[in-house]
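Asks: Below is the structure I would like to discuss, written out as structure tokens.
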Amino acid sequence: MSPHTGRWVHLLQARPKKMLLLLLVLVLGGLALLSKLKTETGMGVFHNKDDARWKEMKAVDKRFVNDDLLLVAFETNQVFSHERLTELRKLGDEILRIELKGATGSSLQAFEEITSLATVDDLEGSDLSFRNHPLVPDPIPHDMKALASIGRKARNNPVIRSNLLSSTRRDVSLFYARFQPTLNDAEHSAAIAKVRALLVSAASGTPTRYYLSGQAVADADTATYQSEDLARFIPVVYSLMILLLFVFLRRVTGTAIAVVIIFCSLIVGLALVVILGSSMNNCSAMLPPVIMTLATALLLHYFSELGKHNLAGYEGKALVRRTVGGLLTPVLMGAFTTGIGFASLSVSEIPAVREFGVVAALSMLATFVMTTLIFTLAASQLGPKRLVAKRGVVLSPRFQRLLAGIAEFVIRRRRAIIIGGLLFGVVAVAGFSRIVVDMDPVEVFSKDAPVRKATSFINEHLDGITVMVVAIRGPAPGHFATPQGLHQIEALEGFMRSKLKVRQTTSVVDYMRLMHREFFNGDAKHWTIPASKEQIAQLLLLNSDHRIDEMIDGKREWVRLIGRMPNITTMELKGRYEALEAYLAQHFPREAGFETYATGRSRMNVEMIAKIMSSLNLSLLVSATFITLLFFLLFRSWSAGLTALPANLLPIAAIFGLMGWVGIRLDAATVMTTTVALGIAVDDTIHFLQQMRLELARHGDHERAVRETIRIKGPAIIWTSLVISIGFSVFMLSHFAPTRNFGILVSLAMVTALVGDLLFLPALVLCTKTSLGVR
């Protein structure tokens, strides 16, 4: 124990009332701030609103119409029956009437419009003219012939057929509701909940089945499941930590003190979320279990040392000073390295990951402060006998024999351990190339989740929910009201269908060909683009369907095209967007005065994956660099720092290897595992190396130093690894695949880190005969 740490411990012991008052202020202040804790749902927290791509998407939405849609597919016995069309119209009217309470308390309409068979317009042509009229008249006819005529008209209208009817089943249709563009995440969720209730009511007593999907539905369900995860995680982790602590301590009072410490650490950590202006979202929902798990790991080190020194005969304040003073530096460095692991995420371009990294890093330091303060006060006031059993599980003869066996195995099999570690690394590295990068907002749900089932149904029967949006500005006003401009868009549609595998496209060309055909009394041979700009102008003048305004602006200078397809991996989608941009650059060159944008919600997911990859490499480099420097600064030895590196690279190799060989995807959650695992794993390495250096300084015998270090530090290292693994395994209870995978990977990393610290690291020291910088 250094003089500096001794003075700090003496200060804590000499002023217990002031320390207790400080703790009360911190905890009560934290509790007061929790009322201001915000919750954000959806994928919006993963997108940077200042990013150029995001601004492009919003600019296109503002110019034309937003693509924030609620998709409802339905299957029924007869789509074009009086009963089904009546139900559809009634349901659409009820959805349009949905009102929400805005932030100011005023009423807010949730949806702008409904597009369905019951609301869409059809074209009816005559000689050299046509007129727009509702596809389904009011009142809806009962006559079978009239209903059959409506069905024929719908299927004869390519715009209606491709957007609202299934090409594979005649009993399946689709309608969509467009959200108001001003709704926030909470209002989206409230509107979707009301739509769900309406669909349940509408389906009752009828043969109709409804399937609700879309990005907004995935976001709303994410919010619901996130709340359920939080409600499940915290009590489960708390219960597990209490159980493990009681098994470790064998004292009710010690376990109760530990529970208080975990609670206080959790309160202060969540208060930091408020102080830093962050929120609870899909990413930060992992913070409470992380805080509770790491607080428990810190406590195990303190209690283990307390029990060891108590068994050695130390008592009273001298016992506490020796325990806390001896651990203060390695525990602080451990908390600091864990904080660095989290803080390295702050270099990410993904806002939610960046904020989580900052909050988690500061929470780790706050957890260290709370744990050290409360433990010191409790140990000084209550004494060791009430906190930890003198012959608890880790100090029992059986456990000591286990540790002695591990030490002898390392000494006898040192070379085999090194070879085994290297082979493990080679196999793990071989799996790196198999890692798939993807971030699908729907596939994160379990296969029996309603939104995933609905999406699968729409993908199979209605062209899918993935939307690609293209916006193009011509070189001059009126360009896209000419045959040349429309043929350019027609060629683009053909390219998207043939080369990009887009199932369905909609543009001004579809409306123009339809109007041209109906202008000539529905003659199919006129399903073409008009031959002159005068004809195009005349058709646009006759048209009264406002939906064409979603595809071309009033000056005929801007056009918008949308393509729909089933869900594919983000990397496949990235490739298609790259091919699309190459086509746009070639056929709509900026030099000729064109301005093009390939955008949409799906493009934002592609951009997010690109940022995930760049942030992974950068955050891992930052954390590894700073942690390595900390080793050198802490031990003032290059040999100690370099010796520690291989054991801490094993968990990273294990994570990437498992992801590659098992098929776990790299996404916004799993991207955090390597830096987090590295920061946590280094904690036990610091404790092991510090003790190893002390033993070498005493006698210089490497084998004896390994035996003593494993005997002294082994209990805490084994139990902290066990606690962290079990704590993070709770994430496997999540509704979301990324969160489950995060728990699996970090738990695996902790087990691998345990093997690295107790087997590989001492074997490496024995094989190299390094002095670890000890003179």
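So you can find residues: chains in the structure tokens are A, B, ... in the order shown, residues in each start at 1, and ligands are numbered from 1 in order.
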Tell me, counting only C-alpha atoms, for each residue of stretch 547-619 of chain A within 9 Å of stretch 433-452 of chain A, which pair of atoms is nearest and how far apart they are in Å to one decimal, in rows ordered by chain and increasing number, as a tab-separated table.
Replies:
```
residue	atom	partner	partner_atom	distance
A:Asn567	CA	A:Asp440	CA	8.1
A:Ile568	CA	A:Asp440	CA	8.3
A:Thr569	CA	A:Asp438	CA	5.9
A:Thr570	CA	A:Asp438	CA	4.9
A:Met571	CA	A:Asp438	CA	6.5
A:Asn605	CA	A:Met439	CA	6.8
A:Val606	CA	A:Met439	CA	8.2
A:Met608	CA	A:Met439	CA	8.2
A:Ile609	CA	A:Asp438	CA	6.7
A:Ile612	CA	A:Val437	CA	8.8
A:Met613	CA	A:Val437	CA	8.2
```
Asks: May I have the residues within 12 Å of A:Ser278 as a ChimeraX atom specification, using only C-alpha atoms and disregarding those fewer than 5 positions away in the same chain?
Replies: /A:36-40,45,269-273,283-285,351-360
Asks: Go through stretch 646-760 of chain A residue by residue and, counting only C-alpha atoms, keep those with an atom at most 7 Å from stretch 290-293 of chain A; for each kept residue give the shortest atom pair and its distance in Å to one decimal, ordered by chain and increasing number, as CSV.
Replies:
```
residue,atom,partner,partner_atom,distance
A:Val723,CA,A:Thr293,CA,6.8
A:Ile724,CA,A:Thr293,CA,5.7
A:Gly727,CA,A:Thr293,CA,5.4
```
Asks: Restricted to N, CA and C atoms, what would the selected residues look like written as an mmCIF file, in the first residue's frame?
Replies:
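Final output, saved to selection.cif:
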```cif
data_model
loop_
_atom_site.group_PDB
_atom_site.id
_atom_site.type_symbol
_atom_site.label_atom_id
_atom_site.label_comp_id
_atom_site.auth_asym_id
_atom_site.auth_seq_id
_atom_site.Cartn_x
_atom_site.Cartn_y
_atom_site.Cartn_z
ATOM 1 N N VAL A 723 -19.468 -13.834 -12.248
ATOM 2 C CA VAL A 723 -20.536 -12.856 -12.035
ATOM 3 C C VAL A 723 -20.826 -12.068 -13.309
ATOM 4 N N ILE A 724 -19.757 -11.594 -13.966
ATOM 5 C CA ILE A 724 -19.957 -10.805 -15.186
ATOM 6 C C ILE A 724 -20.598 -11.659 -16.278
ATOM 7 N N GLY A 727 -24.178 -12.160 -15.296
ATOM 8 C CA GLY A 727 -24.895 -10.890 -15.421
ATOM 9 C C GLY A 727 -25.225 -10.551 -16.864
#
```
Asks: Looking only at strand (DSSP E or B) from DSSP on the backbone, list the matching residues of stretch 413-494 of chain A as an MDAnalysis selection string.
Replies: chainID A and resid 437 445 466:473
Asks: What does the file look like for those residues with all heavy atoms, as a short mmCIF file (atom, residue, chain, number, x, y, z; two decimals), in the first residue's frame?
Replies:
```cif
data_model
loop_
_atom_site.label_atom_id
_atom_site.label_comp_id
_atom_site.auth_asym_id
_atom_site.auth_seq_id
_atom_site.Cartn_x
_atom_site.Cartn_y
_atom_site.Cartn_z
N VAL A 437 -22.34 -8.34 -42.00
CA VAL A 437 -22.74 -7.04 -41.45
C VAL A 437 -24.17 -6.76 -41.88
O VAL A 437 -24.46 -6.74 -43.08
CB VAL A 437 -21.81 -5.91 -41.93
CG1 VAL A 437 -22.18 -4.59 -41.28
CG2 VAL A 437 -20.36 -6.26 -41.65
N PHE A 445 -36.48 -9.07 -34.37
CA PHE A 445 -37.53 -9.67 -33.55
C PHE A 445 -37.51 -11.19 -33.71
O PHE A 445 -37.02 -11.72 -34.71
CB PHE A 445 -38.91 -9.13 -33.96
CG PHE A 445 -39.07 -7.65 -33.77
CD1 PHE A 445 -38.92 -6.77 -34.82
CD2 PHE A 445 -39.39 -7.14 -32.52
CE1 PHE A 445 -39.08 -5.41 -34.65
CE2 PHE A 445 -39.54 -5.78 -32.33
CZ PHE A 445 -39.39 -4.91 -33.39
N THR A 466 -39.41 -3.01 -48.21
CA THR A 466 -38.20 -2.20 -48.42
C THR A 466 -38.44 -1.25 -49.58
O THR A 466 -38.77 -1.68 -50.69
CB THR A 466 -36.98 -3.09 -48.71
OG1 THR A 466 -36.77 -3.97 -47.60
CG2 THR A 466 -35.74 -2.24 -48.92
N VAL A 467 -38.25 0.03 -49.33
CA VAL A 467 -38.55 1.06 -50.34
C VAL A 467 -37.27 1.82 -50.70
O VAL A 467 -36.56 2.30 -49.82
CB VAL A 467 -39.61 2.05 -49.81
CG1 VAL A 467 -39.87 3.15 -50.84
CG2 VAL A 467 -40.91 1.32 -49.49
N MET A 468 -37.01 1.89 -52.00
CA MET A 468 -35.93 2.74 -52.52
C MET A 468 -36.58 3.98 -53.14
O MET A 468 -37.53 3.85 -53.91
CB MET A 468 -35.10 2.00 -53.57
CG MET A 468 -34.42 0.75 -53.08
SD MET A 468 -33.48 -0.10 -54.39
CE MET A 468 -31.97 0.88 -54.40
N VAL A 469 -36.07 5.13 -52.80
CA VAL A 469 -36.63 6.39 -53.30
C VAL A 469 -35.57 7.10 -54.14
O VAL A 469 -34.42 7.22 -53.71
CB VAL A 469 -37.08 7.31 -52.14
CG1 VAL A 469 -37.63 8.62 -52.69
CG2 VAL A 469 -38.13 6.61 -51.29
N VAL A 470 -35.98 7.54 -55.33
CA VAL A 470 -35.09 8.30 -56.20
C VAL A 470 -35.74 9.64 -56.49
O VAL A 470 -36.92 9.69 -56.87
CB VAL A 470 -34.81 7.56 -57.52
CG1 VAL A 470 -33.86 8.39 -58.40
CG2 VAL A 470 -34.21 6.19 -57.25
N ALA A 471 -35.02 10.72 -56.32
CA ALA A 471 -35.50 12.06 -56.67
C ALA A 471 -34.50 12.67 -57.66
O ALA A 471 -33.29 12.59 -57.45
CB ALA A 471 -35.63 12.94 -55.44
N ILE A 472 -35.04 13.25 -58.72
CA ILE A 472 -34.18 13.81 -59.77
C ILE A 472 -34.69 15.20 -60.15
O ILE A 472 -35.89 15.39 -60.39
CB ILE A 472 -34.18 12.91 -61.03
CG1 ILE A 472 -33.77 11.48 -60.67
CG2 ILE A 472 -33.24 13.48 -62.10
CD1 ILE A 472 -33.91 10.50 -61.82
N ARG A 473 -33.77 16.15 -60.21
CA ARG A 473 -34.08 17.47 -60.74
C ARG A 473 -33.50 17.58 -62.15
O ARG A 473 -32.32 17.30 -62.39
CB ARG A 473 -33.49 18.57 -59.86
CG ARG A 473 -33.84 20.00 -60.36
CD ARG A 473 -33.23 21.08 -59.48
NE ARG A 473 -31.79 21.08 -59.54
CZ ARG A 473 -31.08 21.67 -60.51
NH1 ARG A 473 -31.69 22.28 -61.52
NH2 ARG A 473 -29.76 21.62 -60.48
#
```
Asks: Would you please work out which residue, of A:Ser173, A:Asn184, A:Ser637, A:Asn741, is nearest to A:Lys101 when using only C-alpha atoms?
Replies: A:Asn184
Asks: When you look at A:Ser615 with a cut-off of 10 Å (counting only C-alpha atoms), what residues show up, excluding the ones that are within fewer than 5 positions of it in the same chain? I need them as a PyMOL selection string.
Replies: chain A and resi 344-350+353-354+609-610+620-621+671-672
